[in-house]
Amino acid sequence: MISVVSCSQRSATLAASGLDPRCPPAASVGSSSSPLWILVYLLGCCCGFISETALASDLELTLPDGKWSISRPLQQTEVLVISLPASQGWRRVEVALVSGAVTIPLTTLEVDAEQARILLSDAELFGPDPTRLLEGDLLVSVIEQGLETLRSRIASVIDVAPWYPAGGTPEDVLERAGRKLREGLTTDAAKELDSLRGQKMEPTLSSEWMRLTASVQQAYSNVSSIHARTAEQFLVEAAGRAPDQTAVRERVLIDQATQNIRNASTSSDREEWRTELTSALARARSALAQAQARGDRSNAAAALVEIASAASYRGWVQETRTATAAALDLVGDPDTAWKCAVARARVLMISGKLDLARIEASDALATVERIRSQRGDDAAALSPRRDPAMLLADIESRRGDALASLLAAEHIRVRGSRETAPERADLEEVARRVQGLAVVIVTLDAGGVLLVWTSRDGAWELRRVDQNPGEATRRGSDLHRSRGSDTAAVKWLSKKIFGSDFPSCDRLLLAPIGGMRRIPWGVLNIDGSTLVDRCSWSLLPSVSAARRALGPLPREGWWTLVDPRVPQQPALQGSRVEGQRIVDRLPQVVFKAGAEATRTAVIEATREARVLHIACHGEFHPYQPTSSQLLLTPEAGCDGVLSAAELAKQDLSNCRMLALTGCETAIGSAAGADDLAGFPRAAFEAGCQAILGTLWPVEDSSAGRLVASLVDATDGRKGPAEVLREACSDRRADPRDRDPSAWSGWVLVENGW
């Protein structure tokens, strides 16, 4: 409960004394009590308890449920109690929301002298759609004829955080799961749904469970394509069970329409594309008719959004505009707003009206950025909201503005807690800084086109490469699955990414977006020369990171923790060899092996090591990357597990490089928007400058040989990228490690260069 007492803008005391309530008493000026009066008066004004005319304190505002949640459905409960001062006549009470320079009237009431309290419900104040309310202050004014106005204010009355029901009934659990899915919290939603698995539920609830489970599986489809097929099966089952003329029936139809649109957007077959969009429109229109018949504003708006989306792909300008206008008449939440703007932007782009499309897409992106600023988990906030940045990047590329297109694309990246939104000046600075020293390449699979930005002569160049929808990502996945051996994928990716006129350089900085980060870049070639033979390279977490200057890989300050004793896990004898090689080749190495390779030792090393090398078993959890684990030797009161989330809380600001030679410690295919999810993100959150890891499981002895080559190349003058290149070249020359799977999966991600 929040309660605020406001000061009256009348002062009965001063008025009875015949004094102007806006000034201190004239008799007190110059007297010994004058400074005290002035101090009290000014303090009261500054603190907001005394207005320019007031000293009484009889108008009290109370929020029984605390701040107003704009995402909570209307509960028909009291959300504001106004306690009025005594009066002699009728009064008008005005309730408003003040957001910046805008005052939004909520309600106005006329009350008589006898009424001491006013109770207002959410429905009375918010109307049918609370999501339209803006962040701001509550202002209540009491106006009585012949008297000065009373005012009371509660600052920041709106709670923009997502609301979730707290109950444990199946209805509450399903509502929570649905809301968490909309917020990108897929794993949390899956846990909610798992809690109902096996329970007998009525058809309405069981079909909703299947519908939401289908959504979870679809969100996991970038981990494995099998999830997409499972999602389709669950959605079909949900449609079969959903009773007619129910909200869940409408939501199933809406989700099926979404699935049709997704299929159309990834299809290269024109007839299939048209069929999918026709089905989407039919299902969305059916859902709309049913929702309108039941008076369900939320479902009707969601159906209209899908109608607008399908119409936009068809290039139907008028139907897109009509559907988006109708949707926004029903609801005003930010997600509906940006989805409608994206539909309008897409249809304008298809119609060739690029300047108008740019305005709509920019508005959509600005809305998403506001949502991101209000959420604590940027990866979750971004996961379901990447379309505006992706579309704006495409539109700007069609307009021929390479820099604006790149700026839009950079908004697709998840930001760590230390990062801010990219600025145009940041990207311009990067292009100037790398001139003559390095080349930066950024790639984005934007569906039917691959966008490739390259720094050249202090500026940015952009190439639009036509492709079948999503082909670059699929080729990258093929190359990843083959562990660098798919020659067809190597040829396709090399040609499309580097082109025929790639600038000569000794240093390549790669900043791929999304699934293309999983490419084993060292096997690609430029003008017939394999990348590992041509130049050194590393990956950037973002283009802006290229502004940071980093030093060489030091020979001093190494810590190596190898071969921990983990129950039910085989010993890593090869890791002992690589650890011993580090000790033999470098000065003053801190060596921990076997029983000494504990979680406590790692925590100590994070505070002291310049280079921290950990060779242990690891587990990458693609569905919840922050729970990915390093398995160390158990000790008293500790199971030896160090998660990525725990690593992120350590202080690695003194560490030039973290080398993790476990399995899939660099980058894996993870659910959500973060293409650095897991240990790379954790290392950067902890302040580390670089992380060296692997794209796939690495055989123990092979990893040991590569680390040995890495140490041999470390001379205290070269950076980690050049050291890694020499190590990979050395391994390629060894018949035992000539196969790309032995060396091309090693990836260096640096937060600078």
# chains A, B, ... in the order shown; residues from 1 in each chain; ligands from 1
>>> residues_around(residues="Trp273 (chain A)", least_positions_apart="2", cutoff="12 Å", atoms="only C-alpha atoms", output="list of chain:residue names")
A:Asn260, A:Ile261, A:Arg262, A:Asn263, A:Ala264, A:Ser265, A:Thr266, A:Ser267, A:Ser268, A:Asp269, A:Arg270, A:Glu271, A:Thr275, A:Glu276, A:Leu277, A:Thr278, A:Ser279, A:Ala280, A:Ala310, A:Tyr313, A:Arg314, A:Pro469
>>> select_by_dssp(residues="region 163-381 of chain A", states="helix (DSSP H, G or I)", output="PyMOL selection string")
chain A and resi 170-182+186-194+203-219+226-241+247-265+270-294+297-314+317-330+334-350+354-374+378-381
>>> residues_around(residues="Gln217 (chain A)", least_positions_apart="5", cutoff="8 Å", atoms="only C-alpha atoms", output="list of chain:residue names")
A:His227, A:Ala228, A:Thr230, A:Ala231
>>> write_last_selection(atoms="C-alpha atoms", output="mmCIF file, in the first residue's frame")
data_model
loop_
_atom_site.group_PDB
_atom_site.id
_atom_site.type_symbol
_atom_site.label_atom_id
_atom_site.label_comp_id
_atom_site.auth_asym_id
_atom_site.auth_seq_id
_atom_site.Cartn_x
_atom_site.Cartn_y
_atom_site.Cartn_z
ATOM 1 C CA HIS A 227 11.652 -28.691 -32.157
ATOM 2 C CA ALA A 228 9.947 -27.005 -35.126
ATOM 3 C CA THR A 230 7.285 -30.955 -32.558
ATOM 4 C CA ALA A 231 5.751 -27.478 -32.398
#
>>> residues_around(residues="region 302-304 of chain A", least_positions_apart="5", cutoff="8 Å", atoms="only C-alpha atoms", output="list in words")
Ile254, Ala284, Arg285, Ala287, Leu288, Ala323, Thr324, Ala326, Ala327 and Thr336 of chain A
>>> residues_around(residues="Ala713 (chain A)", least_positions_apart="6", cutoff="8 Å", atoms="only C-alpha atoms", output="compact mmCIF listing (two decimals) with C-alpha atoms, in the first residue's frame")
# COMPACT_ATOMS: atom_id res chain seq x y z
CA VAL A 723 49.06 -16.57 -31.44
CA GLU A 726 50.20 -19.73 -35.51
CA ALA A 727 48.93 -22.55 -33.29
>>> residues_around(residues="Cys655 (chain A)", least_positions_apart="6", cutoff="8 Å", atoms="only C-alpha atoms", output="ChimeraX atom specification")
/A:606,608-612,687-689
>>> write_last_selection(atoms="N, CA and C atoms", output="short mmCIF file (atom, residue, chain, number, x, y, z; two decimals), in the first residue's frame")
data_model
loop_
_atom_site.label_atom_id
_atom_site.label_comp_id
_atom_site.auth_asym_id
_atom_site.auth_seq_id
_atom_site.Cartn_x
_atom_site.Cartn_y
_atom_site.Cartn_z
N THR A 606 40.50 -15.90 -10.68
CA THR A 606 39.83 -14.79 -11.37
C THR A 606 40.30 -13.44 -10.84
N GLU A 608 43.45 -12.87 -9.73
CA GLU A 608 44.89 -12.67 -9.87
C GLU A 608 45.45 -12.95 -11.27
N ALA A 609 44.83 -13.84 -12.02
CA ALA A 609 45.44 -14.31 -13.27
C ALA A 609 45.38 -13.27 -14.37
N ARG A 610 46.46 -13.17 -15.14
CA ARG A 610 46.45 -12.39 -16.38
C ARG A 610 45.92 -13.25 -17.52
N VAL A 611 46.25 -14.53 -17.47
CA VAL A 611 45.68 -15.52 -18.39
C VAL A 611 45.23 -16.70 -17.55
N LEU A 612 43.98 -17.07 -17.69
CA LEU A 612 43.42 -18.18 -16.92
C LEU A 612 43.07 -19.32 -17.86
N GLY A 687 34.22 -8.88 -17.00
CA GLY A 687 35.26 -7.90 -17.34
C GLY A 687 36.44 -8.45 -18.09
N CYS A 688 36.39 -9.73 -18.48
CA CYS A 688 37.51 -10.33 -19.20
C CYS A 688 37.63 -9.72 -20.59
N GLN A 689 38.86 -9.64 -21.09
CA GLN A 689 39.09 -9.02 -22.40
C GLN A 689 38.88 -9.98 -23.56
#
>>> residues_around(residues="Ser405 (chain A)", least_positions_apart="5", cutoff="6 Å", atoms="only C-alpha atoms", output="MDAnalysis selection string")
chainID A and resid 393 396:397
